[in-house]
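Everything below belongs to entry_34.pdb, which stores PDB, C-alpha atoms.
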```pdb
ATOM      1  CA  MET A   1      23.480  16.445   3.372
ATOM      2  CA  ASN A   2      21.769  16.446   6.757
ATOM      3  CA  GLY A   3      18.323  16.462   8.300
ATOM      4  CA  GLU A   4      18.219  20.042   9.588
ATOM      5  CA  VAL A   5      15.534  21.041   7.094
ATOM      6  CA  ILE A   6      13.341  18.262   8.488
ATOM      7  CA  TYR A   7      13.913  19.242  12.116
ATOM      8  CA  ARG A   8      12.975  22.858  11.370
ATOM      9  CA  CYS A   9       9.704  21.870   9.730
ATOM     10  CA  PHE A  10       8.886  19.265  12.384
ATOM     11  CA  PRO A  11      10.286  20.631  15.677
ATOM     12  CA  ASP A  12       8.450  18.080  17.845
ATOM     13  CA  LEU A  13      10.293  15.008  16.579
ATOM     14  CA  SER A  14      11.681  12.742  19.278
ATOM     15  CA  GLN A  15      15.420  12.218  19.635
ATOM     16  CA  ARG A  16      15.005   8.710  18.226
ATOM     17  CA  GLN A  17      13.180  10.044  15.164
ATOM     18  CA  LYS A  18      15.925  12.620  14.597
ATOM     19  CA  GLU A  19      18.548   9.890  14.802
ATOM     20  CA  GLN A  20      16.695   7.734  12.280
ATOM     21  CA  ILE A  21      16.306  10.670   9.896
ATOM     22  CA  ALA A  22      20.001  11.519  10.226
ATOM     23  CA  MET A  23      20.888   7.941   9.244
ATOM     24  CA  LEU A  24      18.883   8.081   6.005
ATOM     25  CA  GLY A  25      21.260  10.322   4.079
ATOM     26  CA  PRO A  26      24.390   8.156   4.402
ATOM     27  CA  LEU A  27      22.377   4.973   3.831
ATOM     28  CA  TYR A  28      20.800   6.164   0.603
ATOM     29  CA  ARG A  29      24.071   7.661  -0.610
ATOM     30  CA  ASP A  30      25.713   4.267  -0.111
ATOM     31  CA  TRP A  31      22.896   2.293  -1.739
ATOM     32  CA  ASN A  32      22.831   4.705  -4.665
ATOM     33  CA  THR A  33      26.377   3.674  -5.555
ATOM     34  CA  LYS A  34      25.076   0.122  -6.063
ATOM     35  CA  ILE A  35      21.482   0.611  -7.259
ATOM     36  CA  ASN A  36      20.133   3.813  -8.773
ATOM     37  CA  VAL A  37      17.243   4.388  -6.348
ATOM     38  CA  ILE A  38      17.256   8.198  -6.462
ATOM     39  CA  SER A  39      18.357  10.570  -9.191
ATOM     40  CA  ARG A  40      22.086  11.294  -9.062
ATOM     41  CA  LYS A  41      21.410  15.025  -9.361
ATOM     42  CA  ASP A  42      19.150  14.804  -6.287
ATOM     43  CA  THR A  43      21.838  13.383  -4.006
ATOM     44  CA  ASP A  44      22.865  16.728  -2.523
ATOM     45  CA  CYS A  45      19.201  17.684  -2.023
ATOM     46  CA  PHE A  46      18.149  14.310  -0.662
ATOM     47  CA  TYR A  47      16.405  15.565   2.489
ATOM     48  CA  LEU A  48      14.531  18.311   0.673
ATOM     49  CA  HIS A  49      13.523  16.417  -2.458
ATOM     50  CA  HIS A  50      12.755  13.033  -0.925
ATOM     51  CA  VAL A  51      12.305  13.110   2.852
ATOM     52  CA  LEU A  52      10.573  16.472   3.229
ATOM     53  CA  HIS A  53       8.502  15.881   0.106
ATOM     54  CA  SER A  54       7.297  12.579   1.586
ATOM     55  CA  LEU A  55       6.421  14.267   4.871
ATOM     56  CA  ALA A  56       4.084  16.695   3.119
ATOM     57  CA  ILE A  57       1.610  13.834   3.621
ATOM     58  CA  ALA A  58       2.077  14.164   7.392
ATOM     59  CA  LYS A  59       1.352  17.904   7.160
ATOM     60  CA  PHE A  60      -1.794  17.143   5.186
ATOM     61  CA  ILE A  61      -2.992  14.551   7.687
ATOM     62  CA  ALA A  62      -2.416  16.920  10.629
ATOM     63  CA  GLU A  63      -4.367  19.733   8.979
ATOM     64  CA  PHE A  64      -7.205  17.929   7.258
ATOM     65  CA  LEU A  65      -7.504  14.480   8.858
ATOM     66  CA  PRO A  66      -6.931  14.991  12.603
ATOM     67  CA  GLY A  67      -9.074  12.014  13.524
ATOM     68  CA  LEU A  68      -6.964   9.750  11.339
ATOM     69  CA  GLU A  69      -3.777  11.283  12.751
ATOM     70  CA  ALA A  70      -4.902  10.430  16.285
ATOM     71  CA  ARG A  71      -5.478   6.828  15.248
ATOM     72  CA  MET A  72      -2.101   6.671  13.504
ATOM     73  CA  ASN A  73      -0.397   7.899  16.662
ATOM     74  CA  ASP A  74      -2.310   5.412  18.829
ATOM     75  CA  GLY A  75      -1.688   2.394  16.594
ATOM     76  CA  GLY A  76      -4.062   0.053  14.848
ATOM     77  CA  ILE A  77      -3.739   1.677  11.411
ATOM     78  CA  ASN A  78      -2.439  -0.092   8.300
ATOM     79  CA  VAL A  79      -0.946   1.898   5.421
ATOM     80  CA  MET A  80       0.211   0.634   2.031
ATOM     81  CA  ASP A  81       2.801   2.586   0.025
ATOM     82  CA  VAL A  82       2.274   1.657  -3.625
ATOM     83  CA  GLY A  83       5.269   1.966  -5.944
ATOM     84  CA  CYS A  84       7.555   2.738  -3.024
ATOM     85  CA  GLY A  85      10.766   2.631  -5.069
ATOM     86  CA  GLY A  86      13.601   2.842  -2.569
ATOM     87  CA  GLY A  87      11.189   3.728   0.213
ATOM     88  CA  PHE A  88       9.345   6.995  -0.474
ATOM     89  CA  PRO A  89       7.064   8.189   0.941
ATOM     90  CA  GLY A  90       6.807   5.100   3.167
ATOM     91  CA  ILE A  91      10.120   5.195   5.075
ATOM     92  CA  PRO A  92       9.890   8.854   6.224
ATOM     93  CA  LEU A  93       6.234   8.371   7.139
ATOM     94  CA  ALA A  94       7.031   5.223   9.119
ATOM     95  CA  ILE A  95       9.597   7.210  11.103
ATOM     96  CA  PHE A  96       7.030   9.937  11.708
ATOM     97  CA  TYR A  97       4.266   7.496  12.731
ATOM     98  CA  PRO A  98       6.056   4.709  14.671
ATOM     99  CA  GLN A  99       2.761   3.230  15.915
ATOM    100  CA  THR A 100       1.376   2.767  12.392
ATOM    101  CA  ARG A 101       2.034  -0.359  10.327
ATOM    102  CA  PHE A 102       3.388   0.241   6.815
ATOM    103  CA  LEU A 103       3.554  -2.172   3.892
ATOM    104  CA  LEU A 104       5.870  -0.905   1.137
ATOM    105  CA  VAL A 105       5.108  -2.439  -2.260
ATOM    106  CA  ASP A 106       6.930  -2.197  -5.577
ATOM    107  CA  SER A 107       7.060  -4.312  -8.727
ATOM    108  CA  ILE A 108      10.846  -3.824  -9.033
ATOM    109  CA  GLY A 109      12.592  -6.257  -6.712
ATOM    110  CA  LYS A 110      15.915  -4.422  -6.342
ATOM    111  CA  LYS A 111      14.145  -1.283  -5.119
ATOM    112  CA  VAL A 112      12.170  -3.260  -2.547
ATOM    113  CA  LYS A 113      15.482  -4.735  -1.419
ATOM    114  CA  VAL A 114      16.822  -1.228  -0.728
ATOM    115  CA  ALA A 115      13.686  -0.161   1.144
ATOM    116  CA  GLN A 116      13.862  -3.235   3.398
ATOM    117  CA  ALA A 117      17.593  -2.804   4.004
ATOM    118  CA  VAL A 118      17.120   0.842   4.995
ATOM    119  CA  ALA A 119      14.238  -0.029   7.314
ATOM    120  CA  ASP A 120      16.356  -2.733   8.946
ATOM    121  CA  SER A 121      19.371  -0.444   9.283
ATOM    122  CA  ILE A 122      17.451   2.196  11.210
ATOM    123  CA  ASP A 123      15.460  -0.401  13.181
ATOM    124  CA  LEU A 124      12.031   0.480  11.809
ATOM    125  CA  LYS A 125       9.884  -2.240  13.367
ATOM    126  CA  ASN A 126       6.681  -0.975  11.747
ATOM    127  CA  VAL A 127       7.753  -1.554   8.119
ATOM    128  CA  THR A 128       7.450  -4.623   5.931
ATOM    129  CA  THR A 129       8.112  -4.754   2.203
ATOM    130  CA  LEU A 130       6.658  -6.779  -0.641
ATOM    131  CA  HIS A 131       7.858  -7.350  -4.208
ATOM    132  CA  SER A 132       4.517  -7.276  -5.990
ATOM    133  CA  ARG A 133       2.156  -5.360  -8.208
ATOM    134  CA  ALA A 134      -0.405  -3.386  -6.224
ATOM    135  CA  GLU A 135      -3.262  -5.199  -7.956
ATOM    136  CA  ASP A 136      -2.032  -8.516  -6.572
ATOM    137  CA  VAL A 137      -1.772  -7.436  -2.937
ATOM    138  CA  GLU A 138      -4.432  -9.062  -0.784
ATOM    139  CA  GLY A 139      -6.249  -7.465   2.128
ATOM    140  CA  LYS A 140      -7.548  -4.017   2.937
ATOM    141  CA  PHE A 141      -5.723  -0.991   4.334
ATOM    142  CA  ASP A 142      -6.879   2.111   6.121
ATOM    143  CA  LEU A 143      -4.822   4.367   3.875
ATOM    144  CA  ILE A 144      -2.944   4.162   0.576
ATOM    145  CA  VAL A 145      -0.002   6.505  -0.038
ATOM    146  CA  SER A 146       2.103   6.958  -3.156
ATOM    147  CA  ARG A 147       4.388   9.363  -4.952
ATOM    148  CA  ALA A 148       3.593   9.973  -8.609
ATOM    149  CA  VAL A 149       3.997   6.440  -9.924
ATOM    150  CA  THR A 150       1.462   6.920 -12.740
ATOM    151  CA  SER A 151      -1.569   9.003 -13.696
ATOM    152  CA  LEU A 152      -4.514   9.044 -11.299
ATOM    153  CA  GLY A 153      -6.701   7.362 -13.884
ATOM    154  CA  ASN A 154      -4.350   4.386 -13.911
ATOM    155  CA  PHE A 155      -3.562   4.380 -10.192
ATOM    156  CA  ILE A 156      -7.045   4.398  -8.695
ATOM    157  CA  PRO A 157      -8.089   1.074 -10.340
ATOM    158  CA  TRP A 158      -4.897  -0.569  -9.018
ATOM    159  CA  VAL A 159      -6.060  -0.076  -5.434
ATOM    160  CA  LYS A 160      -9.824  -0.256  -5.867
ATOM    161  CA  GLY A 161     -11.419  -1.980  -2.884
ATOM    162  CA  LYS A 162      -8.153  -2.036  -0.935
ATOM    163  CA  TYR A 163      -8.652   0.984   1.385
ATOM    164  CA  THR A 164     -11.209   2.396   3.795
ATOM    165  CA  GLU A 165     -10.109   6.003   4.484
ATOM    166  CA  GLY A 166      -8.633   7.154   1.200
ATOM    167  CA  ILE A 167      -5.561   7.676  -0.984
ATOM    168  CA  LEU A 168      -2.939  10.364  -0.333
ATOM    169  CA  TYR A 169      -1.013  10.929  -3.550
ATOM    170  CA  LEU A 170       1.978  13.200  -4.173
ATOM    171  CA  LYS A 171       1.861  14.709  -7.650
ATOM    172  CA  GLY A 172       3.191  17.769  -9.485
ATOM    173  CA  GLY A 173       2.092  20.129 -12.244
ATOM    174  CA  ASN A 174      -1.277  21.340 -13.462
ATOM    175  CA  LEU A 175      -3.579  18.450 -12.610
ATOM    176  CA  GLU A 176      -6.875  19.765 -13.953
ATOM    177  CA  GLU A 177      -6.926  17.537 -17.044
ATOM    178  CA  GLU A 178      -5.565  14.506 -15.200
ATOM    179  CA  ILE A 179      -8.199  14.777 -12.472
ATOM    180  CA  ALA A 180     -10.967  15.215 -15.058
ATOM    181  CA  GLU A 181      -9.732  12.111 -16.889
ATOM    182  CA  ALA A 182      -9.633  10.102 -13.642
ATOM    183  CA  VAL A 183     -13.153  11.210 -12.709
ATOM    184  CA  LYS A 184     -14.442  10.013 -16.070
ATOM    185  CA  LYS A 185     -12.397   6.820 -16.318
ATOM    186  CA  CYS A 186     -12.951   5.685 -12.723
ATOM    187  CA  ARG A 187     -16.541   6.920 -12.494
ATOM    188  CA  ILE A 188     -16.016   8.906  -9.309
ATOM    189  CA  ARG A 189     -17.324  12.301  -8.297
ATOM    190  CA  HIS A 190     -14.959  15.239  -8.723
ATOM    191  CA  SER A 191     -15.782  16.242  -5.137
ATOM    192  CA  ARG A 192     -14.031  13.069  -3.924
ATOM    193  CA  ILE A 193     -10.652  14.482  -5.023
ATOM    194  CA  PHE A 194      -9.140  17.272  -2.901
ATOM    195  CA  GLU A 195      -5.965  19.122  -3.923
ATOM    196  CA  LYS A 196      -3.528  20.955  -1.603
ATOM    197  CA  GLU A 197      -0.426  22.972  -2.545
ATOM    198  CA  ILE A 198       2.704  21.825  -0.702
ATOM    199  CA  THR A 199       4.090  25.398  -0.749
ATOM    200  CA  ASP A 200       1.495  26.230   1.915
ATOM    201  CA  TRP A 201       3.817  24.335   4.295
ATOM    202  CA  PHE A 202       7.240  24.318   2.636
ATOM    203  CA  SER A 203       8.415  27.514   0.927
ATOM    204  CA  ASP A 204      11.357  26.167  -1.081
ATOM    205  CA  SER A 205      11.007  26.697  -4.840
ATOM    206  CA  TYR A 206      11.359  22.936  -5.384
ATOM    207  CA  PHE A 207       7.789  22.527  -4.154
ATOM    208  CA  GLN A 208       6.253  24.951  -6.647
ATOM    209  CA  GLU A 209       3.333  23.173  -8.359
ATOM    210  CA  LYS A 210       3.768  20.093  -6.172
ATOM    211  CA  LYS A 211       0.613  18.933  -4.416
ATOM    212  CA  VAL A 212      -0.926  16.393  -2.081
ATOM    213  CA  LEU A 213      -4.105  14.849  -3.438
ATOM    214  CA  LEU A 214      -6.704  13.178  -1.258
ATOM    215  CA  ILE A 215      -8.964  10.704  -3.030
ATOM    216  CA  LYS A 216     -11.763   9.694  -0.666
TER     217      LYS A 216
END
```

Encoded form (structure tokens):
Amino acid sequence: MNGEVIYRCFPDLSQRQKEQIAMLGPLYRDWNTKINVISRKDTDCFYLHHVLHSLAIAKFIAEFLPGLEARMNDGGINVMDVGCGGGFPGIPLAIFYPQTRFLLVDSIGKKVKVAQAVADSIDLKNVTTLHSRAEDVEGKFDLIVSRAVTSLGNFIPWVKGKYTEGILYLKGGNLEEEIAEAVKKCRIRHSRIFEKEITDWFSDSYFQEKKVLLIK
């Protein structure tokens, strides 16, 4: 279990970023013996299934939101990861965007504990964590990110009024019915939801039918 798959897909990472990514595998393997933060069957595919999957958001931002990417690289951007679990997609994204401030939020305290411990272990200064429900978080963020914590129709109301740029949501499967339900339930225009196949960037079969959604 190593980070080579990440380095191939993101060849411009700094040496420090590569070191932080390399540290993730052993840290999560160790934590997983104490708290089940990732599926046991995923352990040997940790970098592919968790780190690279999370970084599909970075690929999306680079291709479709270059203005936002420039701001994230320059600092001054606040991102909230809702339902972060043990730290995905927030931890990999915080490594990728060291000038951006990330708040990782989850309603399960032991998972937040893991995310904070990992961030501390790899010296991620731009990460804070919070044991809370998303609805109870105060303040506004430039961007919300999340990885398939619930249906879109449930998720969007959780973060209503809490972001200025949009939501980037990792989700799998045929989403036609789910998007239609969210449009109706949340009273938003269908044109505000943009869908992108992850296989356009990462060819591994694991990413078949996995997508990044942008909700503006």

Checklist outcome for this item: Of A:Ala94, A:Cys45, A:Ile215, A:Leu170, the one nearest to A:Lys125 when counting all atoms listed in the file is A:Ala94

Item to check | Closest of A:Phe202, A:Trp31, A:Tyr47, A:Phe96 to A:Glu4 - atom-to-atom distances counting only C-alpha atoms | outcome: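 Going through A:Phe202, A:Trp31, A:Tyr47, A:Phe96 one by one, the smallest distance to A:Glu4 is for A:Tyr47.
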
Checklist entry - Any chance you could work out the residue set of the PyMOL selection byres ((chain A and resi 19) around 12) here, as an NGL selection string? => result :A and (2-4 or 6-7 or 13-18 or 20-25 or 95-96 or 121-124)

Item to check | Distance query A:Glu181 at most 10 Å, all atoms listed in the file, self and fewer than 3 positions along chain excluded, as a ChimeraX atom specification | outcome: /A:151-154,175-178,184-187

Checklist entry - In Å, with one decimal, what is the gap from atom CA of A:Gly109 to atom CA of A:Ser54? => result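 Answer for the atom CA of A:Gly109 to atom CA of A:Ser54 separation: 21.3 Å.
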
Item to check | One-decimal distance in Å that lies between atom CA of A:Ser146 and atom CA of A:Tyr163 | outcome: 13.1 Å

Item to check | Selection result of the PyMOL selection byres ((chain A and resi 55) around 9) on this file, as a list in words | outcome: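 On this input, the PyMOL selection byres ((chain A and resi 55) around 9) captures Ile6, His50, Val51, Leu52, His53, Ser54, Ala56, Ile57, Ala58, Lys59, Phe60, Pro89, Pro92, Leu93 and Phe96 of chain A.
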
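Comparing A:Val82, A:Val114, A:Val183, A:Ile91 by their smallest distance to A:Val137, the closest is A:Val82 (using only C-alpha atoms).
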
Checklist entry - Exactly which residues make up the result of the PyMOL selection byres ((chain A and resi 169) around 8) on this file, given as a list in words? => result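 Applied to this file, the PyMOL selection byres ((chain A and resi 169) around 8) returns Val145, Ser146, Arg147, Ala148, Ile167, Leu168, Leu170, Lys171, Val212, Leu213, Leu214 and Ile215 of chain A.
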
Next on the checklist: Just to confirm, what's the straight-line distance from atom CA of A:Tyr97 to atom CA of A:Gly85 in Å (one decimal)?
Outcome noted: 19.6 Å

Assuming 4 Å of padding per side, give the centre and edge lengths of the axis-aligned box around every listed atom of stretch 132-145 of chain A, in Å to one decimal and as lines of an AutoDock Vina configuration file.
```
center_x = -1.5
center_y = -1.3
center_z = -1.0
size_x = 20.1
size_y = 23.6
size_z = 22.3
```

Checklist entry - Nearest to A:Thr100 among A:Gly161, A:Gly76, A:Gly87, A:Pro66, with distances taken over all atoms listed in the file: which residue is it? => result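 For A:Thr100, the nearest of the candidates is A:Gly76.
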
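Using all atoms listed in the file for every distance, the candidate list A:Val149, A:Arg101, A:Phe88, A:Asp44 yields A:Arg101 as the residue closest to A:Asp74.
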
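Shortest separation to A:Ala134 among A:Asp81, A:Asp204, A:Asp120, A:Glu165 occurs at residue A:Asp81, atoms counted being all atoms listed in the file.
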
Item to check | Contacts of A:Thr129 at 9 Å (all atoms listed in the file; same-chain gap of 4+ positions) as a ChimeraX atom specification | outcome: /A:102-106,112-113,115-116

How would the residues just chosen look if you wrote them out with C-alpha atoms as a compact mmCIF listing (two decimals), in the coordinates of the input?
```txt
# COMPACT_ATOMS: atom_id res chain seq x y z
CA PHE A 102 3.39 0.24 6.82
CA LEU A 103 3.55 -2.17 3.89
CA LEU A 104 5.87 -0.90 1.14
CA VAL A 105 5.11 -2.44 -2.26
CA ASP A 106 6.93 -2.20 -5.58
CA VAL A 112 12.17 -3.26 -2.55
CA LYS A 113 15.48 -4.74 -1.42
CA ALA A 115 13.69 -0.16 1.14
CA GLN A 116 13.86 -3.24 3.40
```
